[in-house]
Structures are given as structure tokens and as C-alpha cells.
>>> print(open('structure15.cif').read())   # mmCIF, N, CA and C atoms
data_upload
loop_
_atom_site.label_atom_id
_atom_site.label_comp_id
_atom_site.auth_asym_id
_atom_site.auth_seq_id
_atom_site.Cartn_x
_atom_site.Cartn_y
_atom_site.Cartn_z
N MET Y 19 -25.60 30.82 21.14
CA MET Y 19 -24.56 29.82 21.02
C MET Y 19 -24.50 29.03 22.32
N THR Y 20 -24.42 27.73 22.20
CA THR Y 20 -24.35 26.90 23.39
C THR Y 20 -22.95 26.93 23.97
N GLU Y 21 -22.86 26.57 25.23
CA GLU Y 21 -21.55 26.53 25.90
C GLU Y 21 -20.63 25.53 25.21
N GLU Y 22 -21.20 24.44 24.69
CA GLU Y 22 -20.40 23.40 24.08
C GLU Y 22 -19.58 23.90 22.89
N ASN Y 23 -20.16 24.73 22.03
CA ASN Y 23 -19.43 25.17 20.85
C ASN Y 23 -19.05 26.64 20.87
N LYS Y 24 -19.18 27.26 22.00
CA LYS Y 24 -18.88 28.69 22.14
C LYS Y 24 -17.43 29.01 21.76
N TYR Y 25 -16.52 28.11 22.05
CA TYR Y 25 -15.10 28.35 21.82
C TYR Y 25 -14.52 27.47 20.71
N THR Y 26 -15.36 27.00 19.83
CA THR Y 26 -14.88 26.15 18.73
C THR Y 26 -15.28 26.76 17.39
N PRO Y 27 -14.59 27.81 16.98
CA PRO Y 27 -14.96 28.51 15.75
C PRO Y 27 -14.83 27.67 14.48
N LEU Y 28 -14.05 26.58 14.52
CA LEU Y 28 -13.88 25.75 13.33
C LEU Y 28 -14.73 24.48 13.36
N LYS Y 29 -15.69 24.43 14.27
CA LYS Y 29 -16.58 23.27 14.33
C LYS Y 29 -17.25 23.09 12.97
N GLY Y 30 -17.23 21.85 12.48
CA GLY Y 30 -17.82 21.54 11.18
C GLY Y 30 -16.83 21.61 10.03
N ILE Y 31 -15.61 22.05 10.28
CA ILE Y 31 -14.57 22.12 9.25
C ILE Y 31 -13.79 20.80 9.27
N LYS Y 32 -13.65 20.19 8.10
CA LYS Y 32 -12.91 18.92 7.99
C LYS Y 32 -11.54 19.18 7.39
N VAL Y 33 -10.50 18.73 8.11
CA VAL Y 33 -9.11 18.93 7.71
C VAL Y 33 -8.47 17.56 7.46
N ILE Y 34 -7.86 17.40 6.30
CA ILE Y 34 -7.06 16.22 6.02
C ILE Y 34 -5.61 16.61 6.28
N ASP Y 35 -5.00 15.93 7.23
CA ASP Y 35 -3.67 16.25 7.75
C ASP Y 35 -2.67 15.22 7.24
N TRP Y 36 -1.95 15.54 6.17
CA TRP Y 36 -0.91 14.65 5.64
C TRP Y 36 0.44 15.27 5.99
N THR Y 37 0.69 15.33 7.30
CA THR Y 37 1.90 15.98 7.79
C THR Y 37 2.64 15.05 8.74
N GLN Y 38 3.85 15.43 9.04
CA GLN Y 38 4.65 14.64 9.98
C GLN Y 38 5.65 15.52 10.70
N VAL Y 39 6.12 15.04 11.80
CA VAL Y 39 7.16 15.61 12.66
C VAL Y 39 6.70 16.88 13.35
N GLN Y 40 7.07 18.08 12.91
CA GLN Y 40 6.86 19.27 13.72
C GLN Y 40 5.93 20.31 13.11
N SER Y 41 6.33 20.96 12.03
CA SER Y 41 5.57 22.12 11.53
C SER Y 41 4.15 21.77 11.14
N GLY Y 42 3.96 20.70 10.38
CA GLY Y 42 2.62 20.31 9.96
C GLY Y 42 1.73 19.89 11.12
N PRO Y 43 2.17 18.95 11.96
CA PRO Y 43 1.34 18.54 13.08
C PRO Y 43 1.01 19.67 14.05
N SER Y 44 1.94 20.61 14.26
CA SER Y 44 1.61 21.71 15.17
C SER Y 44 0.58 22.63 14.53
N CYS Y 45 0.64 22.81 13.23
CA CYS Y 45 -0.35 23.62 12.51
C CYS Y 45 -1.74 22.99 12.62
N THR Y 46 -1.83 21.71 12.31
CA THR Y 46 -3.14 21.05 12.35
C THR Y 46 -3.63 20.85 13.78
N GLN Y 47 -2.70 20.80 14.73
CA GLN Y 47 -3.09 20.73 16.15
C GLN Y 47 -3.86 21.98 16.54
N LEU Y 48 -3.41 23.14 16.08
CA LEU Y 48 -4.12 24.39 16.36
C LEU Y 48 -5.52 24.35 15.77
N LEU Y 49 -5.65 23.81 14.56
CA LEU Y 49 -6.97 23.70 13.93
C LEU Y 49 -7.88 22.78 14.74
N ALA Y 50 -7.31 21.69 15.26
CA ALA Y 50 -8.10 20.77 16.10
C ALA Y 50 -8.52 21.45 17.40
N TRP Y 51 -7.63 22.21 18.01
CA TRP Y 51 -7.99 22.95 19.24
C TRP Y 51 -9.14 23.91 18.99
N LEU Y 52 -9.20 24.46 17.78
CA LEU Y 52 -10.25 25.40 17.44
C LEU Y 52 -11.53 24.71 16.97
N GLY Y 53 -11.55 23.38 17.06
CA GLY Y 53 -12.78 22.63 16.81
C GLY Y 53 -12.87 21.91 15.49
N ALA Y 54 -11.86 22.04 14.63
CA ALA Y 54 -11.91 21.35 13.34
C ALA Y 54 -11.83 19.83 13.55
N ASP Y 55 -12.44 19.10 12.63
CA ASP Y 55 -12.36 17.64 12.61
C ASP Y 55 -11.12 17.31 11.79
N VAL Y 56 -10.02 16.94 12.46
CA VAL Y 56 -8.74 16.71 11.79
C VAL Y 56 -8.50 15.20 11.67
N ILE Y 57 -8.27 14.78 10.43
CA ILE Y 57 -7.96 13.38 10.15
C ILE Y 57 -6.51 13.30 9.71
N LYS Y 58 -5.67 12.74 10.55
CA LYS Y 58 -4.23 12.62 10.26
C LYS Y 58 -4.01 11.37 9.44
N ILE Y 59 -3.36 11.53 8.29
CA ILE Y 59 -3.04 10.41 7.42
C ILE Y 59 -1.59 10.01 7.69
N GLU Y 60 -1.41 8.75 8.03
CA GLU Y 60 -0.05 8.26 8.31
C GLU Y 60 0.31 7.16 7.32
N ARG Y 61 1.60 7.07 7.06
CA ARG Y 61 2.08 6.13 6.06
C ARG Y 61 2.10 4.69 6.58
N THR Y 62 2.04 3.78 5.63
CA THR Y 62 2.17 2.36 5.94
C THR Y 62 3.52 1.89 5.42
N GLY Y 63 3.83 0.65 5.68
CA GLY Y 63 5.04 0.06 5.13
C GLY Y 63 6.26 0.20 6.01
N THR Y 64 6.27 1.20 6.86
CA THR Y 64 7.44 1.39 7.72
C THR Y 64 7.18 0.87 9.13
N GLY Y 65 5.92 0.66 9.44
CA GLY Y 65 5.56 0.20 10.77
C GLY Y 65 5.55 1.32 11.79
N THR Y 66 5.75 2.57 11.35
CA THR Y 66 5.84 3.65 12.32
C THR Y 66 4.77 4.72 12.17
N GLY Y 67 4.21 4.90 10.98
CA GLY Y 67 3.33 6.05 10.78
C GLY Y 67 4.17 7.31 10.84
N ASP Y 68 3.72 8.30 11.57
CA ASP Y 68 4.50 9.53 11.76
C ASP Y 68 5.79 9.15 12.49
N PRO Y 69 6.96 9.61 12.00
CA PRO Y 69 8.23 9.25 12.65
C PRO Y 69 8.28 9.59 14.14
N THR Y 70 7.52 10.60 14.58
CA THR Y 70 7.58 10.98 15.99
C THR Y 70 6.90 9.97 16.91
N ARG Y 71 6.19 9.00 16.34
CA ARG Y 71 5.59 7.95 17.19
C ARG Y 71 6.66 7.21 17.98
N ASN Y 72 7.88 7.19 17.46
CA ASN Y 72 8.97 6.45 18.10
C ASN Y 72 10.05 7.34 18.68
N GLU Y 73 9.76 8.61 18.83
CA GLU Y 73 10.76 9.53 19.39
C GLU Y 73 10.39 9.92 20.82
N LEU Y 74 11.40 10.16 21.62
CA LEU Y 74 11.23 10.61 23.01
C LEU Y 74 10.28 9.70 23.79
N LEU Y 75 10.55 8.43 23.72
CA LEU Y 75 9.76 7.46 24.47
C LEU Y 75 10.23 7.46 25.92
N ASP Y 76 9.54 8.19 26.75
CA ASP Y 76 9.93 8.32 28.15
C ASP Y 76 9.70 7.03 28.94
N ILE Y 77 8.69 6.28 28.52
CA ILE Y 77 8.37 5.02 29.19
C ILE Y 77 8.44 3.92 28.14
N LYS Y 78 9.23 2.91 28.40
CA LYS Y 78 9.42 1.82 27.44
C LYS Y 78 8.08 1.20 27.07
N ASP Y 79 7.90 0.89 25.76
CA ASP Y 79 6.69 0.26 25.22
C ASP Y 79 5.44 1.12 25.48
N SER Y 80 5.61 2.41 25.51
CA SER Y 80 4.49 3.31 25.74
C SER Y 80 4.35 4.24 24.53
N TRP Y 81 3.49 5.22 24.66
CA TRP Y 81 3.26 6.22 23.62
C TRP Y 81 4.34 7.29 23.70
N SER Y 82 4.69 7.82 22.56
CA SER Y 82 5.63 8.94 22.51
C SER Y 82 4.91 10.21 22.97
N LEU Y 83 5.41 10.82 24.00
CA LEU Y 83 4.80 12.05 24.48
C LEU Y 83 4.92 13.17 23.46
N TYR Y 84 5.99 13.16 22.69
CA TYR Y 84 6.17 14.14 21.62
C TYR Y 84 5.07 14.00 20.58
N TYR Y 85 4.80 12.75 20.16
CA TYR Y 85 3.74 12.50 19.19
C TYR Y 85 2.37 12.93 19.75
N LEU Y 86 2.09 12.54 20.99
CA LEU Y 86 0.80 12.87 21.60
C LEU Y 86 0.61 14.38 21.73
N GLN Y 87 1.67 15.08 22.07
CA GLN Y 87 1.60 16.52 22.23
C GLN Y 87 1.14 17.20 20.94
N LEU Y 88 1.60 16.72 19.79
CA LEU Y 88 1.30 17.36 18.51
C LEU Y 88 0.09 16.77 17.80
N ASN Y 89 -0.48 15.70 18.32
CA ASN Y 89 -1.55 15.03 17.59
C ASN Y 89 -2.79 14.73 18.41
N ALA Y 90 -2.90 15.31 19.59
CA ALA Y 90 -4.11 15.12 20.39
C ALA Y 90 -5.29 15.74 19.65
N ASN Y 91 -6.46 15.21 19.89
CA ASN Y 91 -7.71 15.69 19.30
C ASN Y 91 -7.82 15.43 17.80
N LYS Y 92 -6.98 14.56 17.27
CA LYS Y 92 -7.06 14.20 15.85
C LYS Y 92 -7.46 12.74 15.73
N LYS Y 93 -8.09 12.43 14.62
CA LYS Y 93 -8.31 11.04 14.25
C LYS Y 93 -7.10 10.63 13.42
N SER Y 94 -6.79 9.35 13.39
CA SER Y 94 -5.63 8.90 12.63
C SER Y 94 -6.03 7.75 11.72
N LEU Y 95 -5.51 7.79 10.50
CA LEU Y 95 -5.82 6.76 9.51
C LEU Y 95 -4.52 6.41 8.80
N THR Y 96 -4.23 5.12 8.72
CA THR Y 96 -3.04 4.67 8.01
C THR Y 96 -3.45 4.31 6.59
N VAL Y 97 -2.79 4.93 5.61
CA VAL Y 97 -3.13 4.72 4.20
C VAL Y 97 -1.85 4.55 3.39
N ASN Y 98 -1.85 3.55 2.53
CA ASN Y 98 -0.74 3.38 1.60
C ASN Y 98 -1.13 4.10 0.31
N ILE Y 99 -0.68 5.33 0.16
CA ILE Y 99 -1.08 6.14 -0.99
C ILE Y 99 -0.45 5.69 -2.30
N LYS Y 100 0.42 4.71 -2.24
CA LYS Y 100 1.05 4.20 -3.46
C LYS Y 100 0.21 3.12 -4.13
N THR Y 101 -0.89 2.72 -3.48
CA THR Y 101 -1.78 1.72 -4.08
C THR Y 101 -3.04 2.40 -4.61
N ASP Y 102 -3.73 1.74 -5.52
CA ASP Y 102 -4.99 2.27 -6.06
C ASP Y 102 -6.02 2.44 -4.95
N GLU Y 103 -6.09 1.46 -4.04
CA GLU Y 103 -7.03 1.55 -2.92
C GLU Y 103 -6.70 2.74 -2.01
N GLY Y 104 -5.42 2.93 -1.73
CA GLY Y 104 -5.01 4.05 -0.90
C GLY Y 104 -5.32 5.39 -1.54
N LYS Y 105 -5.07 5.50 -2.85
CA LYS Y 105 -5.39 6.74 -3.56
C LYS Y 105 -6.90 7.00 -3.53
N LYS Y 106 -7.70 5.95 -3.71
CA LYS Y 106 -9.15 6.12 -3.68
C LYS Y 106 -9.61 6.62 -2.32
N ILE Y 107 -9.04 6.08 -1.25
CA ILE Y 107 -9.38 6.53 0.10
C ILE Y 107 -9.04 8.01 0.25
N MET Y 108 -7.84 8.40 -0.17
CA MET Y 108 -7.43 9.81 -0.07
C MET Y 108 -8.34 10.70 -0.89
N TYR Y 109 -8.62 10.31 -2.12
CA TYR Y 109 -9.46 11.13 -2.99
C TYR Y 109 -10.87 11.27 -2.41
N ASP Y 110 -11.42 10.19 -1.85
CA ASP Y 110 -12.75 10.27 -1.23
C ASP Y 110 -12.75 11.23 -0.05
N LEU Y 111 -11.69 11.19 0.76
CA LEU Y 111 -11.57 12.12 1.89
C LEU Y 111 -11.47 13.56 1.40
N ILE Y 112 -10.65 13.77 0.39
CA ILE Y 112 -10.41 15.12 -0.12
C ILE Y 112 -11.67 15.73 -0.73
N LYS Y 113 -12.47 14.93 -1.38
CA LYS Y 113 -13.71 15.43 -1.98
C LYS Y 113 -14.66 16.01 -0.93
N LYS Y 114 -14.54 15.54 0.32
CA LYS Y 114 -15.42 15.99 1.40
C LYS Y 114 -14.73 16.96 2.35
N ALA Y 115 -13.47 17.28 2.09
CA ALA Y 115 -12.68 18.11 3.01
C ALA Y 115 -12.84 19.59 2.73
N ASP Y 116 -12.56 20.37 3.76
CA ASP Y 116 -12.49 21.83 3.63
C ASP Y 116 -11.05 22.29 3.49
N VAL Y 117 -10.13 21.54 4.10
CA VAL Y 117 -8.71 21.92 4.13
C VAL Y 117 -7.86 20.66 3.97
N PHE Y 118 -6.76 20.79 3.22
CA PHE Y 118 -5.76 19.73 3.09
C PHE Y 118 -4.42 20.35 3.46
N VAL Y 119 -3.71 19.75 4.40
CA VAL Y 119 -2.41 20.27 4.83
C VAL Y 119 -1.36 19.18 4.62
N GLU Y 120 -0.26 19.56 3.94
CA GLU Y 120 0.84 18.61 3.75
C GLU Y 120 2.16 19.28 4.01
N ASN Y 121 3.10 18.51 4.56
CA ASN Y 121 4.48 18.98 4.70
C ASN Y 121 5.45 17.85 4.35
N ILE Y 122 5.07 17.13 3.31
CA ILE Y 122 5.87 16.01 2.84
C ILE Y 122 7.04 16.58 2.00
N ALA Y 123 8.02 15.78 1.69
CA ALA Y 123 9.21 16.23 0.95
C ALA Y 123 8.82 16.97 -0.33
N PRO Y 124 9.60 17.97 -0.71
CA PRO Y 124 9.31 18.74 -1.91
C PRO Y 124 9.11 17.84 -3.13
N GLY Y 125 8.00 18.06 -3.85
CA GLY Y 125 7.67 17.28 -5.04
C GLY Y 125 6.95 15.97 -4.77
N SER Y 126 6.94 15.50 -3.54
CA SER Y 126 6.34 14.22 -3.21
C SER Y 126 4.82 14.21 -3.39
N ALA Y 127 4.16 15.29 -3.02
CA ALA Y 127 2.70 15.35 -3.17
C ALA Y 127 2.32 15.19 -4.64
N GLU Y 128 3.00 15.90 -5.51
CA GLU Y 128 2.72 15.82 -6.94
C GLU Y 128 3.00 14.42 -7.48
N ARG Y 129 4.13 13.85 -7.10
CA ARG Y 129 4.49 12.50 -7.57
C ARG Y 129 3.47 11.45 -7.14
N ASN Y 130 2.81 11.70 -6.00
CA ASN Y 130 1.84 10.74 -5.48
C ASN Y 130 0.39 11.09 -5.84
N GLY Y 131 0.20 12.00 -6.78
CA GLY Y 131 -1.14 12.36 -7.22
C GLY Y 131 -1.90 13.21 -6.23
N LEU Y 132 -1.18 13.91 -5.33
CA LEU Y 132 -1.83 14.73 -4.31
C LEU Y 132 -1.37 16.19 -4.38
N GLY Y 133 -1.01 16.63 -5.58
CA GLY Y 133 -0.61 18.01 -5.77
C GLY Y 133 -1.83 18.92 -5.92
N TRP Y 134 -1.60 20.22 -5.88
CA TRP Y 134 -2.66 21.22 -5.94
C TRP Y 134 -3.55 21.05 -7.17
N GLU Y 135 -2.97 20.94 -8.34
CA GLU Y 135 -3.76 20.87 -9.58
C GLU Y 135 -4.77 19.73 -9.54
N LYS Y 136 -4.30 18.55 -9.21
CA LYS Y 136 -5.15 17.35 -9.19
C LYS Y 136 -6.25 17.48 -8.14
N LEU Y 137 -5.89 17.89 -6.93
CA LEU Y 137 -6.88 17.95 -5.85
C LEU Y 137 -7.86 19.09 -6.04
N HIS Y 138 -7.41 20.20 -6.60
CA HIS Y 138 -8.30 21.33 -6.84
C HIS Y 138 -9.38 20.96 -7.86
N GLU Y 139 -9.04 20.11 -8.82
CA GLU Y 139 -10.05 19.62 -9.77
C GLU Y 139 -11.15 18.85 -9.04
N MET Y 140 -10.76 18.06 -8.06
CA MET Y 140 -11.72 17.24 -7.30
C MET Y 140 -12.58 18.07 -6.37
N ASN Y 141 -11.97 19.09 -5.77
CA ASN Y 141 -12.67 19.88 -4.76
C ASN Y 141 -12.22 21.34 -4.90
N PRO Y 142 -12.86 22.07 -5.82
CA PRO Y 142 -12.42 23.44 -6.11
C PRO Y 142 -12.60 24.44 -4.97
N LYS Y 143 -13.35 24.08 -3.94
CA LYS Y 143 -13.61 25.03 -2.84
C LYS Y 143 -12.70 24.85 -1.64
N PHE Y 144 -11.87 23.83 -1.65
CA PHE Y 144 -11.09 23.58 -0.44
C PHE Y 144 -9.78 24.35 -0.45
N ILE Y 145 -9.18 24.44 0.74
CA ILE Y 145 -7.90 25.14 0.93
C ILE Y 145 -6.79 24.10 0.93
N TYR Y 146 -5.74 24.35 0.17
CA TYR Y 146 -4.58 23.47 0.09
C TYR Y 146 -3.41 24.20 0.74
N ALA Y 147 -2.92 23.66 1.84
CA ALA Y 147 -1.80 24.27 2.55
C ALA Y 147 -0.58 23.36 2.44
N SER Y 148 0.51 23.92 1.96
CA SER Y 148 1.75 23.16 1.79
C SER Y 148 2.84 23.86 2.60
N LEU Y 149 3.35 23.18 3.61
CA LEU Y 149 4.39 23.76 4.47
C LEU Y 149 5.75 23.22 4.03
N LYS Y 150 6.58 24.10 3.57
CA LYS Y 150 7.94 23.73 3.14
C LYS Y 150 8.93 24.62 3.85
N GLY Y 151 10.15 24.17 3.94
CA GLY Y 151 11.18 24.95 4.62
C GLY Y 151 11.67 26.13 3.80
N PHE Y 152 11.60 26.00 2.46
CA PHE Y 152 12.16 27.03 1.59
C PHE Y 152 11.22 27.27 0.42
N ASN Y 153 11.19 28.47 -0.09
CA ASN Y 153 10.27 28.82 -1.17
C ASN Y 153 10.77 28.34 -2.52
N GLU Y 154 9.83 28.24 -3.48
CA GLU Y 154 10.21 27.89 -4.84
C GLU Y 154 11.16 28.94 -5.38
N GLY Y 155 12.16 28.48 -6.11
CA GLY Y 155 13.15 29.40 -6.65
C GLY Y 155 14.38 29.54 -5.77
N SER Y 156 14.25 29.15 -4.51
CA SER Y 156 15.39 29.19 -3.60
C SER Y 156 16.36 28.08 -3.99
N ARG Y 157 17.63 28.29 -3.77
CA ARG Y 157 18.58 27.22 -4.05
C ARG Y 157 18.39 26.04 -3.11
N PHE Y 158 17.60 26.23 -2.05
CA PHE Y 158 17.33 25.15 -1.11
C PHE Y 158 15.93 24.54 -1.27
N GLU Y 159 15.21 24.90 -2.34
CA GLU Y 159 13.81 24.51 -2.46
C GLU Y 159 13.58 23.00 -2.40
N ASN Y 160 14.55 22.18 -2.72
CA ASN Y 160 14.39 20.72 -2.69
C ASN Y 160 14.92 20.09 -1.41
N VAL Y 161 15.29 20.92 -0.44
CA VAL Y 161 15.79 20.43 0.84
C VAL Y 161 14.62 20.16 1.77
N LYS Y 162 14.61 19.00 2.41
CA LYS Y 162 13.55 18.68 3.38
C LYS Y 162 13.73 19.53 4.62
N ALA Y 163 12.63 20.01 5.17
CA ALA Y 163 12.68 20.79 6.41
C ALA Y 163 11.35 20.62 7.12
N PHE Y 164 11.40 20.37 8.40
CA PHE Y 164 10.16 20.19 9.16
C PHE Y 164 9.91 21.38 10.07
#
>>> encode(input="structure15.cif", output="C-alpha cells")
Amino acid sequence: MTEENKYTPLKGIKVIDWTQVQSGPSCTQLLAWLGADVIKIERTGTGTGDPTRNELLDIKDSWSLYYLQLNANKKSLTVNIKTDEGKKIMYDLIKKADVFVENIAPGSAERNGLGWEKLHEMNPKFIYASLKGFNEGSRFENVKAF
């Protein structure tokens, strides 16, 4: 093993990161540290992408240190998943991915055509990780939590 990849056990693993704020980005950050190729998908239409891009701005008109802390070593792509073109981009990425991670609001992935059933049909070998604050069946299962 060469020195370059000696400490990157996930080298060659492609992760599609459809997460925001805290739990999802910190999870995919660990995967990136371990050598995975992480592609962070950020929303369009709001002008912000991940909401943390505009939080804790220590220097005016600069980068959010909070955002950078959780998203270093990732590639970033802005996609409007509500359009046919955006869905095609996501589906093309997913077909080539090893892992898909989402922590979007409960039910949102399914409503946007990015639920487990649909994506597993496209890529039966990949891992689908869904980070939610509360489990199915809980009285809080529809509550957003990061």
C-alpha cells in the first residue's frame, strides 16, 4: 500500500450527500475524511444551498466557518430536484453511487422521488442512509430534527 492511500480505507467509494445542517453533514464529513468521494447536493431557489452557509459568519461577506467545518473535502453541486433535469442529474449520480445519505424532512425524500424503493430499483447494491430525529411509529416521527 502506498503512503498516499494508506489511511484512506474508503478510497473509491462514491457518496451522494443530500444532507444539511448538522447530523448529515457531520456523518458524510467522516466518510470524506476516510477517503470517500463525497458529492454534497444543495438546493436551489433559496440562494443559500445548505442553511449553514449563512450561519456564524465571523467575517462579513466571507465563508461560514460552521459550513466549512462540516463540509471540507466534499464536492458541492446545486440541483433543483423539483425539475425533470434536476431529477435526471440525481438519478444519474445515484446509479453510479455506493452510498446515498439524506437527512431531509420526514417524507420529503419519497415525495421528491428519492425514497428507498425508487432508488433501490436503480441501484440495488448501494447503501441508503436516512438520518431522522425520531423513529417510525414514534409520536414525533414527522418532527424535523437535525
>>> residues_around(input="structure15.cif", residues="Gly125 of chain Y", least_positions_apart="3", cutoff="12 Å", atoms="only C-alpha atoms", output="VMD selection string")
chain Y and resid 120 to 122 128 to 134 148 to 150 154 159 to 162
>>> closest_atom_pairs(input="structure15.cif", of="segment 67-128 of chain Y", to="segment 30-44 of chain Y", cutoff="7 Å", atoms="all atoms listed in the file", output="CSV")
residue,atom,partner,partner_atom,distance
Y:Asp68,CA,Y:Gln38,CA,5.4
Y:Pro69,N,Y:Val39,N,5.5
Y:Thr70,N,Y:Val39,CA,5.4
Y:Leu88,C,Y:Pro43,C,4.8
Y:Asn89,N,Y:Pro43,C,6.0
Y:Leu111,C,Y:Ile34,CA,6.9
Y:Lys114,C,Y:Lys32,CA,6.2
Y:Ala115,CA,Y:Lys32,C,4.7
Y:Asp116,N,Y:Lys32,C,4.0
Y:Val117,C,Y:Ile34,N,4.0
Y:Phe118,CA,Y:Ile34,C,4.5
Y:Val119,C,Y:Trp36,N,4.0
Y:Glu120,CA,Y:Trp36,C,4.0
Y:Asn121,N,Y:Thr37,CA,4.3
Y:Ile122,N,Y:Thr37,CA,5.6
>>> residues_around(input="structure15.cif", residues="Lys92 of chain Y", least_positions_apart="6", cutoff="8 Å", atoms="only N, CA and C atoms", output="ChimeraX atom specification")
/Y:46-47,50-51,54-58
>>> closest_atom_pairs(input="structure15.cif", of="segment 24-73 of chain Y", to="segment 78-83 of chain Y", cutoff="8 Å", atoms="only C-alpha atoms", output="JSON lines")
{"residue": "Y:Thr70", "atom": "CA", "partner": "Y:Ser82", "partner_atom": "CA", "distance": 7.1}
{"residue": "Y:Arg71", "atom": "CA", "partner": "Y:Ser82", "partner_atom": "CA", "distance": 5.4}
{"residue": "Y:Asn72", "atom": "CA", "partner": "Y:Ser82", "partner_atom": "CA", "distance": 6.1}
{"residue": "Y:Glu73", "atom": "CA", "partner": "Y:Ser82", "partner_atom": "CA", "distance": 6.0}
>>> select_by_dssp(input="structure15.cif", residues="chain Y", states="strand (DSSP E)", output="list in words")
Lys32, Val33, Ile34, Asp35, Trp36, Asp55, Val56, Ile57, Lys58, Ile59, Glu60, Lys92, Lys93, Ser94, Leu95, Thr96, Val117, Phe118, Val119, Glu120, Ile145, Tyr146, Ala147 and Ser148 of chain Y
>>> atom_distance(input="structure15.cif", atom1="atom C of Leu52 of chain Y", atom2="atom C of Tyr25 of chain Y")
5.5 Å
>>> atom_distance(input="structure15.cif", atom1="atom CA of Leu95 of chain Y", atom2="atom C of Arg61 of chain Y")
8.7 Å
>>> select_by_dssp(input="structure15.cif", residues="segment 73-124 of chain Y", states="helix (DSSP H, G or I)", output="ChimeraX atom specification")
/Y:83-89,102-113
>>> resolve_selection(input="structure15.cif", expression="the PyMOL selection byres ((chain Y and resi 144) around 8)", output="PyMOL selection string")
chain Y and resi 112+115-118+137-138+140-143+145-147
>>> atom_distance(input="structure15.cif", atom1="atom CA of Val97 of chain Y", atom2="atom CA of Ala127 of chain Y")
14.2 Å
>>> decode(input="structure15.cif", residues="segment 32-38 of chain Y", atoms="all heavy atoms", output="JSON list (two decimals), in the first residue's frame")
[["chain", "number", "residue", "atom", "x", "y", "z"],
["Y", 32, "LYS", "N", -18.09, 6.18, -3.67],
["Y", 32, "LYS", "CA", -18.79, 7.42, -4.03],
["Y", 32, "LYS", "C", -20.03, 7.59, -3.17],
["Y", 32, "LYS", "O", -20.87, 6.70, -3.11],
["Y", 32, "LYS", "CB", -19.18, 7.42, -5.50],
["Y", 32, "LYS", "CG", -19.87, 8.71, -5.92],
["Y", 32, "LYS", "CD", -20.14, 8.77, -7.40],
["Y", 32, "LYS", "CE", -18.84, 9.07, -8.06],
["Y", 32, "LYS", "NZ", -18.93, 9.79, -9.29],
["Y", 33, "VAL", "N", -20.11, 8.75, -2.51],
["Y", 33, "VAL", "CA", -21.22, 9.06, -1.60],
["Y", 33, "VAL", "C", -21.98, 10.26, -2.14],
["Y", 33, "VAL", "O", -21.38, 11.30, -2.42],
["Y", 33, "VAL", "CB", -20.69, 9.38, -0.18],
["Y", 33, "VAL", "CG1", -21.83, 9.78, 0.75],
["Y", 33, "VAL", "CG2", -19.91, 8.21, 0.39],
["Y", 34, "ILE", "N", -23.30, 10.11, -2.26],
["Y", 34, "ILE", "CA", -24.15, 11.25, -2.60],
["Y", 34, "ILE", "C", -24.73, 11.75, -1.28],
["Y", 34, "ILE", "O", -25.42, 11.04, -0.56],
["Y", 34, "ILE", "CB", -25.30, 10.84, -3.57],
["Y", 34, "ILE", "CG1", -24.74, 10.15, -4.81],
["Y", 34, "ILE", "CG2", -26.14, 12.07, -3.93],
["Y", 34, "ILE", "CD1", -23.71, 10.93, -5.58],
["Y", 35, "ASP", "N", -24.42, 13.00, -0.96],
["Y", 35, "ASP", "CA", -24.73, 13.62, 0.32],
["Y", 35, "ASP", "C", -25.86, 14.62, 0.13],
["Y", 35, "ASP", "O", -25.64, 15.74, -0.31],
["Y", 35, "ASP", "CB", -23.45, 14.31, 0.82],
["Y", 35, "ASP", "CG", -23.64, 15.15, 2.06],
["Y", 35, "ASP", "OD1", -24.76, 15.23, 2.58],
["Y", 35, "ASP", "OD2", -22.64, 15.74, 2.50],
["Y", 36, "TRP", "N", -27.10, 14.21, 0.43],
["Y", 36, "TRP", "CA", -28.25, 15.11, 0.36],
["Y", 36, "TRP", "C", -28.66, 15.45, 1.79],
["Y", 36, "TRP", "O", -29.69, 15.06, 2.29],
["Y", 36, "TRP", "CB", -29.39, 14.45, -0.42],
["Y", 36, "TRP", "CG", -30.51, 15.39, -0.78],
["Y", 36, "TRP", "CD1", -30.42, 16.70, -1.14],
["Y", 36, "TRP", "CD2", -31.90, 15.07, -0.81],
["Y", 36, "TRP", "NE1", -31.65, 17.22, -1.40],
["Y", 36, "TRP", "CE2", -32.59, 16.23, -1.21],
["Y", 36, "TRP", "CE3", -32.62, 13.91, -0.55],
["Y", 36, "TRP", "CZ2", -33.97, 16.28, -1.35],
["Y", 36, "TRP", "CZ3", -34.01, 13.97, -0.69],
["Y", 36, "TRP", "CH2", -34.67, 15.14, -1.09],
["Y", 37, "THR", "N", -27.75, 16.13, 2.47],
["Y", 37, "THR", "CA", -27.96, 16.45, 3.88],
["Y", 37, "THR", "C", -27.76, 17.94, 4.11],
["Y", 37, "THR", "O", -27.23, 18.65, 3.25],
["Y", 37, "THR", "CB", -26.98, 15.66, 4.78],
["Y", 37, "THR", "OG1", -25.64, 16.14, 4.59],
["Y", 37, "THR", "CG2", -27.05, 14.16, 4.52],
["Y", 38, "GLN", "N", -28.16, 18.36, 5.28],
["Y", 38, "GLN", "CA", -27.99, 19.77, 5.64],
["Y", 38, "GLN", "C", -27.86, 19.93, 7.15],
["Y", 38, "GLN", "O", -28.23, 19.05, 7.90],
["Y", 38, "GLN", "CB", -29.15, 20.61, 5.12],
["Y", 38, "GLN", "CG", -30.50, 20.16, 5.62],
["Y", 38, "GLN", "CD", -31.63, 20.97, 5.03],
["Y", 38, "GLN", "OE1", -31.41, 22.01, 4.42],
["Y", 38, "GLN", "NE2", -32.85, 20.54, 5.22]]
